[in-house]
Structure formats: C-alpha cells, structure tokens
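Working notes for the structure below.
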Amino acid sequence: MHHRKISHTPVGVTELGFGAAVIGNLYRVTAPQAAAAAIDAAWDAGIRCFDTAPHYGLGLSERRLGAALRDRPRHEYVVSSKVGRLLVPNEDPRGVDDEGFVVRDDLRRQWDFSRDGVLRSLEETLERTGLDRIDIVYLHDPDDHWQQAADEAMPALAELRDQGVIGAIGAGMNQSAMLARFLRETAADVVMLAGRYTLLDQSALDDVLPAAQAHGKSVVAVGVFNSGLLSEDRPAEGMKYDYQDAPTDLVRRALAIAEVCERHGTTLPAAAIAFPFAHPAVVNVTLGMRTAEQVRRNVELHARPIPGGLWDELRAQGLIRTDVPTTNEERYPRRS
C-alpha cells in the first residue's frame, strides 16, 4: 500500500489507517479473537498505520492493539495515540462505562492538558501497549481546553518530538475551526479531522485545509462515512449521521450522490474513502474496522479507480462544493 509523508517529519503513513476505537468495544462487545483477526487482516493487506487512544474502552483498545503489534517488526508500522484524558480510579462505579464503550467502569476519564498530565498519559499508554514508542501523539478533543492545550500540552509534545521521542504531534477533533488554530498558532505537524471533510460536509475547506496548505502541514481524515450514512451503496432512513439518526434531507442527498456514483461505475463508500485524498494536505484516511471482513472490504474499496468525471458531476449538480479540489484517473487510483 502506498505511503505518504507527514510534512516536515520523519513519519510516513500508509494511505489507509486502522482505527482501533471499535476494538475497544465501542457501542458493543468485540471478542478478543475478532479484534486480533481484524488487526491481522489489516497487516496482511499492507496497512501499517494504527490509531488508538486511552479513551477507547478505558484502555482496552490500547492493550489489544499493543498485544497484536508488539511482536511485529517495529520499524514497519506507525502507531498514533492521544493525550488529554487520564484514566484514574472511579470512586463511584456503576458497572458499565457511560461514554459509549461496553467495558467495566472501574476507571474514569479525567481531563488534563497540563505538561505533567501529558507526560503521565503517554507513559501509561506505553505501559498499556507494551510498545517502545508512540510515533504520533494527538491532543484528544481539547474543545473546552484551548488555553491549557496550546500553552502546556503542545509545548510538552514539541519537546518530546524535538528529542526524537515522538515522530509527529498534533490534535484530533470533530470540529475544524480549532484544528486550524493549532496548525496556525502551535507546533502541531498534523491534525486528525473527524467528519468535517466528507462527501456530505466540506466545512474544513473554510479553515483547517487552507491552514494546512499555508503552513506546510498535514491532515489525517477520519469519520469519512459520517458515522455510517456513507458506508453503504444505497443510503436509507435509520442510518446514522454524526452519531445521530440521519435527517431525511441528508439521506436524500446521500442517495443522490450514490446514484451519481453508480452512473460512473463506482459506489458511495468507495467514493467516500477516495474523496479526501484529492486534497493535497490529506495524507491518510483512517477507518474504524471491527472485523477482518470489514478490513478486507475497505481495502478493496480503497483500491478501486475513481473516475475523475464523478467529482465534476457532483460539483455540477451542487452535491459537493464547487471549490472542492478534484483529481483525475492519472493521479488516482492509488498504487499498491
């Protein structure tokens, strides 16, 4: 699978990344064997970029990912994790986590973007994964913590990067405006942009994507299916958009995009994966993959050639913004 470089860093990532939130029992239980099989399938398909976080399953995702990777050649893969939520003993457990993960709540999350909090979080991630280093570290959802994140957390990460302990640093969020600030005003190399540059939402064109280009920095796109609405060939009522039931008007718009895809000999999910790559700042699309079957499907979708005329028709019909940069068949499909 083709690699792309995070600008001005030594870190290269495969175009597809494995998002490990789901193997932390996001929304439902994933059996240990299924989680391991999904990571094995990703490895066999050439994926060498794996993303996790303490938040995902109160450490379960990090433990499972580390166990699956630690006997593989360390120089061959890149792991990203996140800081900003420490895991501390839960003084009032109720039995099950209440933040979307089906795990026991013996621990709870505690916001901390201080320098000491960052260092402690990273040390605990290394212990949970059993790895010798984390290649990319993101500040995780610092929406309500800009000042401490910018003044303390990012400089702490920059110090570790400059010492060679970390390869690249950045922030990951569901909004684009603050990510643009991180790119413009801090030492961030890369941002993880969730759901704001997709076939249904191109709001990142107003801030984070031009900021990345202007400052020579990189973007990792996640949430490209917008929580599910773009994940099937034919969208339908009842599917999710940004973690909620999709509004009827968005279902209709997704269906209209799907019909254009069909006319061009491709599918909605294949186009959803391909779409962010047309922007020059985007280096990777990371997808949550719970099973080996999902891995193989997404890798196959990523490998499909996308006719350049698809984007032209979507723009002409007003289904994507007219200022969306698009590409052609010479630059796309991707190499393997």
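If you're wondering about the labels, chains in the structure tokens are A, B, ... by order shown, residues count from 1 in each chain, ligands from 1 in order shown.
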
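Backbone DSSP over region 147-276 of chain A yields strand (DSSP E or B) at Ala168, Ile169, Gly170, Ala171, Gly172, Met173, Val190, Val191, Met192, Leu193, Ala194, Ser218, Val219, Val220, Ala221, Val222, Lys240, Tyr241, Gln244 and Asp245 of chain A.
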
For the selection just defined, write its residues with N, CA and C atoms to a file, as an mmCIF file, in the first residue's frame.
data_model
loop_
_atom_site.group_PDB
_atom_site.id
_atom_site.type_symbol
_atom_site.label_atom_id
_atom_site.label_comp_id
_atom_site.auth_asym_id
_atom_site.auth_seq_id
_atom_site.Cartn_x
_atom_site.Cartn_y
_atom_site.Cartn_z
ATOM 1 N N ALA A 168 5.819 12.776 15.361
ATOM 2 C CA ALA A 168 4.950 13.865 14.910
ATOM 3 C C ALA A 168 3.913 14.139 15.986
ATOM 4 N N ILE A 169 3.425 15.382 16.027
ATOM 5 C CA ILE A 169 2.462 15.771 17.055
ATOM 6 C C ILE A 169 1.332 16.564 16.422
ATOM 7 N N GLY A 170 0.184 16.579 17.121
ATOM 8 C CA GLY A 170 -0.944 17.322 16.592
ATOM 9 C C GLY A 170 -2.134 17.275 17.512
ATOM 10 N N ALA A 171 -3.325 17.429 16.938
ATOM 11 C CA ALA A 171 -4.572 17.407 17.695
ATOM 12 C C ALA A 171 -5.631 16.716 16.860
ATOM 13 N N GLY A 172 -6.585 16.083 17.538
ATOM 14 C CA GLY A 172 -7.684 15.412 16.859
ATOM 15 C C GLY A 172 -9.010 15.871 17.431
ATOM 16 N N MET A 173 -9.933 16.283 16.537
ATOM 17 C CA MET A 173 -11.215 16.832 16.982
ATOM 18 C C MET A 173 -12.291 16.594 15.934
ATOM 19 N N VAL A 190 0.432 17.860 12.349
ATOM 20 C CA VAL A 190 -0.653 17.151 11.684
ATOM 21 C C VAL A 190 -1.893 17.246 12.563
ATOM 22 N N VAL A 191 -3.052 17.245 11.939
ATOM 23 C CA VAL A 191 -4.290 17.178 12.709
ATOM 24 C C VAL A 191 -5.130 16.012 12.203
ATOM 25 N N MET A 192 -5.898 15.442 13.135
ATOM 26 C CA MET A 192 -6.842 14.375 12.805
ATOM 27 C C MET A 192 -8.225 15.009 12.762
ATOM 28 N N LEU A 193 -8.781 15.082 11.565
ATOM 29 C CA LEU A 193 -10.013 15.804 11.280
ATOM 30 C C LEU A 193 -11.160 14.809 11.155
ATOM 31 N N ALA A 194 -12.106 14.878 12.084
ATOM 32 C CA ALA A 194 -13.184 13.880 12.135
ATOM 33 C C ALA A 194 -14.480 14.426 11.538
ATOM 34 N N SER A 218 0.021 18.726 7.635
ATOM 35 C CA SER A 218 -0.726 17.594 7.083
ATOM 36 C C SER A 218 -2.030 17.340 7.839
ATOM 37 N N VAL A 219 -2.919 16.617 7.161
ATOM 38 C CA VAL A 219 -4.228 16.284 7.715
ATOM 39 C C VAL A 219 -4.487 14.789 7.547
ATOM 40 N N VAL A 220 -4.950 14.163 8.629
ATOM 41 C CA VAL A 220 -5.458 12.792 8.593
ATOM 42 C C VAL A 220 -6.979 12.897 8.680
ATOM 43 N N ALA A 221 -7.671 12.319 7.721
ATOM 44 C CA ALA A 221 -9.132 12.387 7.686
ATOM 45 C C ALA A 221 -9.727 11.138 8.314
ATOM 46 N N VAL A 222 -10.644 11.327 9.254
ATOM 47 C CA VAL A 222 -11.369 10.218 9.859
ATOM 48 C C VAL A 222 -12.856 10.540 9.808
ATOM 49 N N LYS A 240 -27.053 6.301 10.561
ATOM 50 C CA LYS A 240 -26.524 7.338 11.440
ATOM 51 C C LYS A 240 -25.759 8.405 10.648
ATOM 52 N N TYR A 241 -25.839 9.632 11.153
ATOM 53 C CA TYR A 241 -25.022 10.732 10.665
ATOM 54 C C TYR A 241 -24.501 11.467 11.891
ATOM 55 N N GLN A 244 -25.983 10.402 15.287
ATOM 56 C CA GLN A 244 -27.425 10.522 15.486
ATOM 57 C C GLN A 244 -28.133 9.946 14.269
ATOM 58 N N ASP A 245 -29.452 9.684 14.400
ATOM 59 C CA ASP A 245 -30.222 9.265 13.236
ATOM 60 C C ASP A 245 -30.135 10.359 12.166
#

(request) Write out as an NGL selection string all residues of region 28-274 of chain A that backbone DSSP assigns to alpha helix (DSSP H). (result) :A and (32-44 or 60-69 or 115-129 or 146-148 or 154-162 or 177-185 or 208-214 or 248-263 or 268-274)

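Proximity of A:Ala281, A:Val260, A:Val295, A:Leu287 to Ser7 (chain A), computed with only C-alpha atoms, is greatest for A:Ala281.
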
Asp116 (chain A) surroundings by only C-alpha atoms, 9 Å radius, close-in-sequence under 4 positions cut, as a CSV table (one decimal) with N, CA, C and O atoms, in the first residue's frame:
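Dumped to result_22.csv:
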chain,number,residue,atom,x,y,z
A,112,ASP,N,-7.0,16.5,31.4
A,112,ASP,CA,-5.8,17.0,31.9
A,112,ASP,C,-4.9,17.3,30.7
A,112,ASP,O,-4.3,16.4,30.1
A,120,ARG,N,2.4,12.0,31.9
A,120,ARG,CA,1.8,10.8,32.6
A,120,ARG,C,1.0,10.0,31.6
A,120,ARG,O,1.1,8.7,31.6
A,121,SER,N,0.2,10.6,30.8
A,121,SER,CA,-0.7,9.9,29.9
A,121,SER,C,0.1,9.1,28.9
A,121,SER,O,-0.2,7.9,28.6
A,152,GLU,N,0.4,24.5,27.4
A,152,GLU,CA,1.2,23.5,28.1
A,152,GLU,C,1.3,22.2,27.4
A,152,GLU,O,2.4,21.6,27.2
A,153,ALA,N,0.2,21.6,26.9
A,153,ALA,CA,0.3,20.3,26.3
A,153,ALA,C,1.1,20.3,25.0
A,153,ALA,O,1.9,19.4,24.8
A,156,ALA,N,4.8,20.6,25.5
A,156,ALA,CA,5.4,19.4,26.0
A,156,ALA,C,5.6,18.3,25.0
A,156,ALA,O,6.6,17.7,24.9

(request) Would you work out the distance separating CA of Thr291 (chain A) from CA of Leu65 (chain A), expressed in Å to one decimal? (result) 13.4 Å

Residue neighbourhood Asp143 (chain A), 10 Å, only C-alpha atoms, exclusion window fewer than 4 positions, as a short mmCIF file (atom, residue, chain, number, x, y, z; two decimals) with all heavy atoms, in the first residue's frame:
data_model
loop_
_atom_site.label_atom_id
_atom_site.label_comp_id
_atom_site.auth_asym_id
_atom_site.auth_seq_id
_atom_site.Cartn_x
_atom_site.Cartn_y
_atom_site.Cartn_z
N GLN A 147 -6.68 26.94 25.99
CA GLN A 147 -5.54 27.65 26.56
C GLN A 147 -4.50 26.69 27.14
O GLN A 147 -3.31 26.80 26.85
CB GLN A 147 -6.01 28.63 27.65
CG GLN A 147 -5.10 29.85 27.77
CD GLN A 147 -5.05 30.67 26.48
OE1 GLN A 147 -6.08 31.10 25.96
NE2 GLN A 147 -3.85 30.86 25.95
N ALA A 149 -4.22 23.50 26.49
CA ALA A 149 -3.72 22.63 25.42
C ALA A 149 -2.65 23.34 24.60
O ALA A 149 -1.61 22.75 24.26
CB ALA A 149 -4.87 22.18 24.52
N GLY A 172 -6.59 16.08 17.54
CA GLY A 172 -7.68 15.41 16.86
C GLY A 172 -9.01 15.87 17.43
O GLY A 172 -9.21 15.87 18.65
N MET A 173 -9.93 16.28 16.54
CA MET A 173 -11.22 16.83 16.98
C MET A 173 -12.29 16.59 15.93
O MET A 173 -12.01 16.30 14.77
CB MET A 173 -11.09 18.35 17.23
CG MET A 173 -9.99 18.74 18.20
SD MET A 173 -9.75 20.53 18.31
CE MET A 173 -11.23 21.00 19.18
N ASN A 174 -13.56 16.79 16.37
CA ASN A 174 -14.69 16.72 15.46
C ASN A 174 -15.01 18.06 14.82
O ASN A 174 -15.90 18.15 13.98
CB ASN A 174 -15.94 16.22 16.21
CG ASN A 174 -15.85 14.75 16.54
OD1 ASN A 174 -15.93 13.90 15.65
ND2 ASN A 174 -15.66 14.43 17.81
N GLN A 175 -14.33 19.12 15.23
CA GLN A 175 -14.52 20.43 14.62
C GLN A 175 -13.26 20.82 13.86
O GLN A 175 -12.17 20.32 14.13
CB GLN A 175 -14.81 21.49 15.70
CG GLN A 175 -13.70 21.63 16.74
CD GLN A 175 -13.64 23.00 17.38
OE1 GLN A 175 -13.39 24.00 16.70
NE2 GLN A 175 -13.85 23.04 18.70
N ALA A 177 -12.50 24.37 13.12
CA ALA A 177 -12.03 25.73 13.39
C ALA A 177 -10.85 25.73 14.36
O ALA A 177 -9.84 26.40 14.13
CB ALA A 177 -13.17 26.58 13.93
N MET A 178 -10.95 24.98 15.46
CA MET A 178 -9.86 24.97 16.42
C MET A 178 -8.66 24.21 15.89
O MET A 178 -7.51 24.55 16.19
CB MET A 178 -10.30 24.39 17.77
CG MET A 178 -9.26 24.60 18.87
SD MET A 178 -9.75 23.97 20.50
CE MET A 178 -10.97 25.21 20.97
N LEU A 179 -8.89 23.19 15.08
CA LEU A 179 -7.76 22.50 14.46
C LEU A 179 -6.96 23.46 13.60
O LEU A 179 -5.73 23.39 13.54
CB LEU A 179 -8.24 21.31 13.63
CG LEU A 179 -8.76 20.10 14.40
CD1 LEU A 179 -9.15 18.99 13.43
CD2 LEU A 179 -7.73 19.59 15.41
#

(request) Enter the distance from CA of Thr14 (chain A) to CA of Phe50 (chain A), in Å, rounded to one decimal. (result)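 Distance reported for this atom pair: 9.6 Å.
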
(request) Mind checking which residues fall within 12 Å of Asp249 (chain A), counting only C-alpha atoms, ignoring those fewer than 2 positions away in the same chain, and posting them as a ChimeraX atom specification? (result) /A:200,229,235-237,241,245-247,251-256

Residues from last step as file, all heavy atoms, as a compact mmCIF listing (two decimals), in the first residue's frame:
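Saved file part_15.txt follows:
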# COMPACT_ATOMS: atom_id res chain seq x y z
N LEU A 200 -20.48 14.73 2.45
CA LEU A 200 -21.64 15.46 2.96
C LEU A 200 -21.28 16.72 3.73
O LEU A 200 -22.17 17.52 4.05
CB LEU A 200 -22.47 14.54 3.86
CG LEU A 200 -23.18 13.38 3.16
CD1 LEU A 200 -23.83 12.45 4.18
CD2 LEU A 200 -24.22 13.89 2.17
N LEU A 229 -23.75 6.88 7.36
CA LEU A 229 -24.64 7.21 6.24
C LEU A 229 -23.98 7.01 4.88
O LEU A 229 -24.66 6.71 3.90
CB LEU A 229 -25.12 8.66 6.38
CG LEU A 229 -26.18 9.13 5.38
CD1 LEU A 229 -27.41 8.21 5.38
CD2 LEU A 229 -26.58 10.57 5.67
N PRO A 235 -27.93 4.48 0.68
CA PRO A 235 -28.32 5.01 1.99
C PRO A 235 -29.83 4.87 2.22
O PRO A 235 -30.62 4.90 1.27
CB PRO A 235 -27.92 6.48 1.92
CG PRO A 235 -26.96 6.57 0.80
CD PRO A 235 -27.34 5.51 -0.18
N ALA A 236 -30.21 4.74 3.49
CA ALA A 236 -31.62 4.55 3.82
C ALA A 236 -31.93 5.23 5.15
O ALA A 236 -31.04 5.53 5.95
CB ALA A 236 -31.95 3.06 3.90
N GLU A 237 -33.21 5.47 5.39
CA GLU A 237 -33.65 6.02 6.67
C GLU A 237 -33.20 5.10 7.81
O GLU A 237 -33.13 3.88 7.65
CB GLU A 237 -35.18 6.15 6.69
CG GLU A 237 -35.74 7.12 5.67
CD GLU A 237 -35.49 8.58 6.04
OE1 GLU A 237 -35.12 8.85 7.19
OE2 GLU A 237 -35.67 9.46 5.16
N TYR A 241 -25.84 9.63 11.15
CA TYR A 241 -25.02 10.73 10.67
C TYR A 241 -24.50 11.47 11.89
O TYR A 241 -25.29 11.96 12.72
CB TYR A 241 -25.83 11.69 9.78
CG TYR A 241 -25.04 12.90 9.33
CD1 TYR A 241 -24.20 12.81 8.22
CD2 TYR A 241 -25.11 14.10 10.02
CE1 TYR A 241 -23.46 13.90 7.81
CE2 TYR A 241 -24.36 15.20 9.61
CZ TYR A 241 -23.54 15.09 8.51
OH TYR A 241 -22.80 16.18 8.12
N ASP A 245 -29.45 9.68 14.40
CA ASP A 245 -30.22 9.26 13.24
C ASP A 245 -30.14 10.36 12.17
O ASP A 245 -30.33 11.54 12.46
CB ASP A 245 -31.68 9.02 13.61
CG ASP A 245 -31.87 7.76 14.43
OD1 ASP A 245 -30.96 6.90 14.43
OD2 ASP A 245 -32.92 7.62 15.09
N ALA A 246 -29.84 9.95 10.95
CA ALA A 246 -29.63 10.93 9.88
C ALA A 246 -30.93 11.65 9.52
O ALA A 246 -31.97 10.99 9.34
CB ALA A 246 -29.08 10.23 8.64
N PRO A 247 -30.90 12.97 9.40
CA PRO A 247 -32.09 13.70 8.94
C PRO A 247 -32.48 13.28 7.53
O PRO A 247 -31.63 12.90 6.71
CB PRO A 247 -31.64 15.17 8.96
CG PRO A 247 -30.43 15.20 9.83
CD PRO A 247 -29.78 13.86 9.70
N VAL A 251 -30.28 12.06 4.11
CA VAL A 251 -30.43 10.74 3.49
C VAL A 251 -30.69 10.91 2.00
O VAL A 251 -30.10 10.21 1.15
CB VAL A 251 -31.57 9.94 4.16
CG1 VAL A 251 -31.80 8.62 3.42
CG2 VAL A 251 -31.25 9.68 5.63
N ARG A 252 -31.55 11.84 1.63
CA ARG A 252 -31.86 12.09 0.21
C ARG A 252 -30.62 12.57 -0.54
O ARG A 252 -30.37 12.15 -1.67
CB ARG A 252 -32.98 13.11 0.10
CG ARG A 252 -34.34 12.59 0.55
CD ARG A 252 -35.36 13.70 0.55
NE ARG A 252 -36.67 13.22 0.97
CZ ARG A 252 -37.64 14.02 1.41
NH1 ARG A 252 -37.45 15.33 1.46
NH2 ARG A 252 -38.81 13.51 1.79
N ARG A 253 -29.85 13.45 0.10
CA ARG A 253 -28.64 13.94 -0.57
C ARG A 253 -27.62 12.82 -0.75
O ARG A 253 -26.98 12.69 -1.80
CB ARG A 253 -28.03 15.08 0.25
CG ARG A 253 -26.87 15.76 -0.43
CD ARG A 253 -26.51 17.03 0.29
NE ARG A 253 -25.10 17.36 0.05
CZ ARG A 253 -24.28 17.81 0.96
NH1 ARG A 253 -24.69 17.98 2.21
NH2 ARG A 253 -23.04 18.09 0.66
N ALA A 254 -27.46 11.99 0.27
CA ALA A 254 -26.54 10.86 0.16
C ALA A 254 -26.99 9.90 -0.94
O ALA A 254 -26.16 9.37 -1.69
CB ALA A 254 -26.43 10.13 1.50
N LEU A 255 -28.29 9.69 -1.04
CA LEU A 255 -28.81 8.82 -2.08
C LEU A 255 -28.56 9.42 -3.47
O LEU A 255 -28.20 8.70 -4.42
CB LEU A 255 -30.30 8.58 -1.87
CG LEU A 255 -30.97 7.57 -2.79
CD1 LEU A 255 -30.29 6.21 -2.70
CD2 LEU A 255 -32.45 7.45 -2.46
N ALA A 256 -28.70 10.73 -3.60
CA ALA A 256 -28.42 11.38 -4.89
C ALA A 256 -26.95 11.22 -5.25
O ALA A 256 -26.61 10.97 -6.43
CB ALA A 256 -28.79 12.85 -4.81

(request) Could you jot down the CA of Val285 (chain A) to CA of Arg28 (chain A) separation for me, Å, one decimal place? (result) 23.5 Å

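Counting only C-alpha atoms and comparing A:Gln163, A:Gly238, A:Arg290, A:Ala270, the residue that lies closest to Ala303 (chain A) is A:Ala270.
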
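Considering the residues A:Ile47, A:Val282, A:Met289, A:Ala214 and counting only C-alpha atoms, Ser231 (chain A) has its shortest atom-to-atom contact with A:Met289.
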
(request) Quick one: everything within 8 Å of Ala45 (chain A), counting only C-alpha atoms, minus sequence neighbours fewer than 6 positions away in the same chain. Send it as a list in words. (result) Met1, Arg296 and Val299 of chain A

(request) For His145 (chain A), list every protein, DNA or RNA residue within 10 Å, evaluated using only C-alpha atoms, and leave out those in the same chain fewer than 5 positions away; present the list as a list in words. (result)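 My reading of the contact set: Gly84, Trp111, Asp112, Phe113 and Ala150 of chain A.
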
Output file for the selection above: C-alpha atoms, as a compact mmCIF listing (two decimals), in the first residue's frame:
# COMPACT_ATOMS: atom_id res chain seq x y z
CA GLY A 84 -5.75 14.81 27.36
CA TRP A 111 -9.39 15.88 31.56
CA ASP A 112 -5.78 17.03 31.86
CA PHE A 113 -3.85 19.01 29.24
CA ALA A 150 -1.92 25.37 23.47
